[in-house]
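Pasted below: work-v9.txt, compact mmCIF, C-alpha atoms.
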```
# COMPACT_ATOMS: atom_id res chain seq x y z
CA MET A 26 98.76 94.86 111.15
CA ASN A 27 98.48 95.37 107.39
CA TRP A 28 98.25 99.15 107.29
CA HIS A 29 97.44 99.29 103.59
CA THR A 30 94.05 97.60 103.92
CA ASP A 31 92.39 100.75 105.26
CA SER A 32 90.06 101.96 102.50
CA GLN A 33 90.17 105.65 103.50
CA LEU A 34 93.95 105.66 103.63
CA GLU A 35 94.28 103.93 100.28
CA SER A 36 91.74 106.29 98.70
CA LEU A 37 93.80 109.29 99.81
CA ARG A 38 97.00 107.70 98.56
CA HIS A 39 95.35 106.95 95.21
CA GLN A 40 94.24 110.57 94.88
CA LEU A 41 97.77 111.75 95.61
CA VAL A 42 99.47 109.42 93.17
CA ASN A 43 96.99 110.31 90.42
CA HIS A 44 96.77 114.04 91.19
CA ARG A 45 96.44 116.45 88.26
CA LEU A 46 99.37 118.45 89.66
CA TYR A 47 101.83 116.16 87.93
CA GLN A 48 100.42 116.97 84.50
CA LEU A 49 101.08 120.65 85.21
CA LEU A 50 104.77 120.08 85.95
CA ASP A 51 105.65 120.42 82.29
CA SER A 52 108.23 123.22 82.42
CA PRO A 53 111.18 124.32 84.59
CA LYS A 54 109.11 127.27 85.86
CA ALA A 55 106.26 125.03 87.00
CA ILE A 56 108.69 122.65 88.69
CA CYS A 57 110.30 125.58 90.51
CA ILE A 58 106.92 126.72 91.83
CA PHE A 59 106.28 123.21 93.07
CA MET A 60 109.68 123.02 94.78
CA GLN A 61 109.18 126.39 96.50
CA HIS A 62 106.23 124.76 98.28
CA HIS A 63 107.48 121.20 98.61
CA VAL A 64 110.69 122.25 100.37
CA TRP A 65 108.58 123.04 103.43
CA CYS A 66 107.30 119.45 103.39
CA VAL A 67 110.89 118.23 103.29
CA TRP A 68 111.67 120.45 106.28
CA ASP A 69 108.75 119.39 108.46
CA PHE A 70 109.42 115.73 107.71
CA GLN A 71 112.70 116.21 109.57
CA SER A 72 110.74 117.62 112.51
CA LEU A 73 108.59 114.48 112.66
CA LEU A 74 111.76 112.42 112.55
CA LYS A 75 113.33 114.31 115.45
CA ALA A 76 110.10 113.93 117.46
CA LEU A 77 110.40 110.17 117.03
CA GLN A 78 114.05 110.20 118.03
CA ILE A 79 113.19 112.16 121.18
CA LYS A 80 110.41 109.70 122.06
CA LEU A 81 112.35 106.52 121.25
CA THR A 82 115.89 107.27 122.43
CA CYS A 83 117.40 109.09 125.37
CA MET A 84 118.05 112.73 124.40
CA GLU A 85 118.74 113.97 127.94
CA ILE A 86 121.66 114.23 130.32
CA PRO A 87 122.37 112.14 132.32
CA TRP A 88 121.84 109.47 129.68
CA VAL A 89 120.07 106.18 130.33
CA PRO A 90 119.37 103.45 127.76
CA SER A 91 115.88 103.60 126.24
CA PRO A 92 113.71 100.51 126.82
CA ASP A 93 113.75 98.93 123.34
CA PRO A 94 117.21 98.43 121.78
CA LEU A 95 115.80 97.37 118.41
CA ILE A 96 113.58 100.43 118.05
CA ARG A 97 116.48 102.58 119.24
CA ARG A 98 118.58 101.13 116.44
CA LEU A 99 115.82 101.60 113.84
CA ILE A 100 115.22 105.28 114.55
CA ASN A 101 118.93 106.09 114.75
CA GLU A 102 119.48 104.38 111.39
CA ILE A 103 116.72 106.50 109.84
CA VAL A 104 118.10 109.68 111.42
CA LEU A 105 121.56 108.91 110.04
CA GLY A 106 120.19 108.59 106.51
CA GLU A 107 117.82 111.56 106.64
CA GLU A 108 119.97 114.01 108.59
CA SER A 109 123.48 113.10 107.40
CA ASP A 110 123.21 111.32 104.05
CA GLU A 111 125.87 111.14 101.36
CA ASP A 112 125.60 114.20 99.13
CA GLY A 113 126.88 112.52 95.97
CA ILE A 114 130.16 114.47 95.87
CA GLY A 115 132.01 113.03 98.83
CA GLY A 116 130.34 114.93 101.65
CA TYR A 117 127.26 114.66 103.83
CA LEU A 118 124.03 116.66 104.06
CA SER A 119 120.54 116.33 105.42
CA HIS A 120 117.92 115.63 102.77
CA PHE A 121 116.56 119.11 103.47
CA GLU A 122 119.91 120.71 102.67
CA LEU A 123 120.25 118.53 99.59
CA TYR A 124 116.83 119.69 98.41
CA LEU A 125 117.89 123.32 98.89
CA LYS A 126 120.92 122.65 96.69
CA ALA A 127 118.61 121.18 94.06
CA MET A 128 116.51 124.34 94.19
CA GLN A 129 119.57 126.51 93.78
CA GLU A 130 120.66 124.43 90.78
CA MET A 131 117.31 125.22 89.16
CA HIS A 132 117.27 128.87 90.28
CA ALA A 133 114.12 128.30 92.33
CA ASP A 134 113.42 130.95 94.96
CA THR A 135 114.77 129.88 98.37
CA LYS A 136 114.41 133.27 100.10
CA ALA A 137 111.37 132.41 102.26
CA ILE A 138 112.60 129.04 103.49
CA ASN A 139 116.10 130.37 104.20
CA GLU A 140 114.64 133.32 106.09
CA PHE A 141 112.49 130.91 108.08
CA ILE A 142 115.46 128.74 109.06
CA GLY A 143 117.45 131.85 109.99
CA LEU A 144 114.65 133.07 112.25
CA LEU A 145 114.37 129.69 113.96
CA ARG A 146 118.13 129.66 114.54
CA SER A 147 117.91 133.09 116.18
CA GLY A 148 115.31 131.80 118.64
CA THR A 149 112.20 133.27 117.03
CA PRO A 150 109.10 131.19 117.86
CA PHE A 151 107.83 128.87 115.14
CA GLU A 152 104.56 130.68 114.34
CA GLU A 153 106.25 134.08 114.26
CA SER A 154 108.99 132.74 112.02
CA LEU A 155 106.41 131.45 109.54
CA LEU A 156 104.76 134.85 109.25
CA LYS A 157 107.96 136.91 109.16
CA SER A 158 109.52 134.72 106.46
CA ASN A 159 106.58 135.27 104.09
CA ALA A 160 105.99 131.53 103.80
CA PRO A 161 103.48 130.64 101.07
CA PRO A 162 99.99 130.96 102.58
CA SER A 163 99.03 127.41 101.59
CA ILE A 164 102.06 126.06 103.47
CA ILE A 165 101.14 127.58 106.84
CA PRO A 166 98.30 125.15 107.78
CA PHE A 167 100.31 122.21 106.47
CA VAL A 168 103.45 122.76 108.54
CA THR A 169 101.45 124.01 111.54
CA GLN A 170 99.57 120.69 111.64
CA THR A 171 102.82 118.74 111.41
CA ILE A 172 104.61 120.68 114.14
CA SER A 173 101.58 120.43 116.44
CA LEU A 174 101.56 116.67 115.96
CA ALA A 175 105.32 116.42 116.51
CA GLN A 176 105.09 118.42 119.73
CA THR A 177 101.95 116.97 121.29
CA GLY A 178 101.02 113.72 119.50
CA GLY A 179 101.42 110.27 120.94
CA LEU A 180 104.22 108.07 119.68
CA HIS A 181 101.87 105.93 117.57
CA SER A 182 100.28 108.98 115.94
CA VAL A 183 103.63 110.59 115.11
CA ALA A 184 104.98 107.28 113.80
CA ALA A 185 101.90 106.84 111.58
CA ALA A 186 102.23 110.33 110.06
CA PHE A 187 105.91 109.68 109.46
CA THR A 188 105.41 106.21 107.99
CA LEU A 189 102.02 106.27 106.24
CA GLY A 190 101.27 109.97 105.85
CA ARG A 191 103.83 110.75 103.16
CA GLU A 192 103.71 110.20 99.40
CA ASP A 193 106.40 107.52 99.36
CA LEU A 194 105.36 106.30 95.89
CA LEU A 195 106.02 109.65 94.23
CA PRO A 196 109.82 109.76 93.69
CA ASP A 197 109.46 107.35 90.75
CA LEU A 198 106.79 109.58 89.26
CA PHE A 199 108.85 112.74 89.68
CA LEU A 200 111.85 111.12 88.03
CA LYS A 201 109.77 110.51 84.91
CA ILE A 202 108.56 114.13 84.94
CA LEU A 203 112.13 115.41 85.28
CA GLU A 204 113.40 113.19 82.48
CA LYS A 205 110.71 114.48 80.13
CA THR A 206 111.21 118.17 80.89
CA ALA A 207 115.01 117.88 80.94
CA ASN A 208 114.95 116.50 77.40
CA GLN A 209 112.35 119.00 76.22
CA PHE A 210 114.10 122.09 77.61
CA ASN A 211 117.69 120.80 77.43
CA ILE A 212 118.42 121.37 81.11
CA SER A 213 119.85 119.32 83.96
CA TYR A 214 118.22 118.29 87.21
CA SER A 215 121.25 116.40 88.48
CA ILE A 216 120.95 117.23 92.20
CA LEU A 217 117.17 116.76 92.34
CA THR A 218 117.53 113.48 90.46
CA TYR A 219 120.15 112.33 92.97
CA TYR A 220 117.86 113.37 95.86
CA LEU A 221 114.93 111.39 94.45
CA ASN A 222 117.06 108.33 93.76
CA ARG A 223 118.36 108.39 97.34
CA HIS A 224 114.77 108.45 98.60
CA ILE A 225 113.84 105.50 96.42
CA GLU A 226 116.87 103.56 97.63
CA LEU A 227 116.48 104.34 101.33
CA ASP A 228 112.69 104.23 101.58
CA GLY A 229 112.33 101.03 99.59
CA ASP A 230 115.30 99.05 100.84
CA GLU A 231 115.86 100.34 104.37
CA HIS A 232 113.76 103.11 105.91
CA GLY A 233 110.34 101.90 104.76
CA PRO A 234 110.48 98.46 106.41
CA MET A 235 112.17 99.97 109.49
CA ALA A 236 109.42 102.54 109.88
CA ILE A 237 106.63 99.96 109.60
CA SER A 238 108.29 97.88 112.30
CA MET A 239 108.55 100.99 114.47
CA LEU A 240 104.86 101.79 113.94
CA ASP A 241 103.78 98.24 114.81
CA LYS A 242 105.75 98.36 118.06
CA ALA A 243 104.39 101.81 118.90
CA CYS A 244 100.82 100.47 118.66
CA GLY A 245 101.65 97.30 120.54
CA GLY A 246 98.61 95.47 119.19
CA SER A 247 96.18 98.01 120.70
CA LYS A 248 93.13 98.45 118.45
CA ILE A 249 92.58 101.94 119.86
CA LYS A 250 96.14 103.02 119.06
CA GLU A 251 95.93 101.44 115.61
CA GLU A 252 92.79 103.44 114.78
CA GLU A 253 94.35 106.64 116.15
CA ALA A 254 97.43 105.94 114.08
CA LEU A 255 95.35 105.45 110.94
CA GLN A 256 93.51 108.71 111.58
CA SER A 257 96.81 110.52 112.00
CA ALA A 258 97.99 109.16 108.66
CA ARG A 259 94.70 110.11 106.99
CA ASN A 260 95.00 113.65 108.35
CA SER A 261 98.53 113.94 106.98
CA LEU A 262 97.56 112.70 103.53
CA GLN A 263 94.53 114.99 103.42
CA ALA A 264 96.74 117.95 104.31
CA ARG A 265 99.05 116.94 101.45
CA LEU A 266 96.11 116.76 99.06
CA ASP A 267 94.95 120.22 100.11
CA LEU A 268 98.45 121.57 99.52
CA TRP A 269 98.69 119.89 96.10
CA ASN A 270 95.37 121.53 95.13
CA ASP A 271 96.68 124.96 96.14
CA ILE A 272 99.91 124.48 94.18
CA CYS A 273 97.83 123.57 91.12
CA LYS A 274 95.96 126.87 91.39
CA GLN A 275 99.20 128.85 91.55
CA ILE A 276 100.72 127.10 88.55
CA GLU A 277 97.51 127.49 86.54
CA GLU A 278 97.37 131.21 87.33
CA LEU A 279 100.82 131.67 85.85
CA LYS A 280 99.92 129.64 82.79
```
Written form, structure tokens:
Amino acid sequence: MNWHTDSQLESLRHQLVNHRLYQLLDSPKAICIFMQHHVWCVWDFQSLLKALQIKLTCMEIPWVPSPDPLIRRLINEIVLGEESDEDGIGGYLSHFELYLKAMQEMHADTKAINEFIGLLRSGTPFEESLLKSNAPPSIIPFVTQTISLAQTGGLHSVAAAFTLGREDLLPDLFLKILEKTANQFNISYSILTYYLNRHIELDGDEHGPMAISMLDKACGGSKIKEEEALQSARNSLQARLDLWNDICKQIEELK
């Protein structure tokens, strides 16, 4: 199926790519505010990924081979890149951890997200961790929707949110924003630039085509599953649009 022929999906993607938020990212302070929200999107993307790995490979003991060797290979390849990518200095990090390093480089506030991860590690339930960590209010419905989908959604719905429900065209746009502000304010975004370039490389050359193949197999030619998958992707993009609108309000208040 050609997933990009759905008019609703493409309308949402167009709104995201042309969102007024990007015009507001004209200073290091504005970019930091954006990152303090976007880091939660980077985190919950990993949760979608792990949901797919659980559904598509054997994650139990005793181990048995999952039914589809090709899909097993595809998801494990994506997990390798997203969870243990090269960090640019000879080591390995998840893209979430790399993003945190980029935030630290820019002196963006990481207190809430670090507190959240610490609470999860200690066994605190997800919803309680969100509230105790003082997560940005606009983030709570976004990540709650994602985690609910990851925990209860069908394979085709989770795969659609993972594959079609993210703003995969935006790294190029952010690189242009960073280049402009770096020159204007004489600062460096070296880690964030590396992070974005890795996404462009992996999503365009490897992960993107792999994920589409995974989504096609998850639907198996079923028209019902294809429509449910499209709706899942639409929901994810709409949630992203709502979040982008809220971030705009916060940046404009500071301006």
Point to revise | range 40-42 of chain A surroundings by all atoms listed in the file, 12 Å radius, close-in-sequence under 4 positions cut, as number ranges by chain | key: A: 33-36, 46-48, 190-199, 259, 261-270
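The residue that comes closest to Ile272 in chain A, out of A:Gly106, A:Ile164, A:Glu140, A:Thr135 and on the basis of all atoms listed in the file, is A:Ile164.
Distances from A:Ile100, A:Leu279, A:Leu221, A:Leu240 to Ile79 in chain A were compared using only C-alpha atoms, and the smallest one belongs to A:Ile100.
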Practice item. Tell me which protein, DNA and RNA residues are within 10 Å of Pro161 in chain A, counting only C-alpha atoms, leaving out same-chain ones fewer than 4 positions away, and put them as a ChimeraX atom specification. Key: /A:61-62,65,137-138,155-156,165,272
Check your understanding: Distance CA of Met131 in chain A-CA of Tyr214 in chain A, one decimal place?
Key ->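 Pair CA of Met131 in chain A / CA of Tyr214 in chain A returns 7.3 Å.
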Practice item. Find, counting only C-alpha atoms, the residue in A:Cys66, A:Leu144, A:Ala185, A:Asn43 that gets nearest to Ser238 in chain A. Key: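 Once distances to Ser238 in chain A are computed over only C-alpha atoms, the minimum belongs to A:Ala185.
Comparing A:Leu200, A:Arg146, A:Glu102, A:Ile96 by their smallest distance to Ile225 in chain A, the closest is A:Leu200 (using only C-alpha atoms).
Distances here use only C-alpha atoms; by that measure, the residue among A:Met26, A:Glu107, A:Val64, A:Leu77 closest to Leu227 in chain A is A:Glu107.
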**Study point:** Nearest candidate to Cys57 in chain A (options A:Ile276, A:Leu95, A:Ala254, A:Ile142; using all atoms listed in the file)
**Key:** A:Ile276
Practice item. In the coordinates of the file, take the point (94.9, 106.4, 119.3) and a cut-off of 12 Å; then, counting only C-alpha atoms, name each qualifying protein, DNA or RNA residue as a PyMOL selection string. Key: chain A and resi 178-185+243-258
Review point. Distance CA of Ser154 in chain A-CA of Glu277 in chain A, one decimal place?
Key: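 Atom-to-atom, CA of Ser154 in chain A and CA of Glu277 in chain A are spaced 28.4 Å apart.
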Check your understanding: Any idea what the distance is between CA of Ser91 in chain A and CA of Leu73 in chain A?
Key ->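 So the answer is 18.9 Å.
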Exercise for review: Mind checking which residues fall within 12 Å of Glu204 in chain A, counting all atoms listed in the file, ignoring those fewer than 2 positions away in the same chain, and posting them as JSON, numbers by chain?
Suggested key: {"A": [50, 51, 52, 53, 197, 198, 199, 200, 201, 202, 206, 207, 208, 209, 210, 211, 212, 213, 214, 215, 217, 218]}
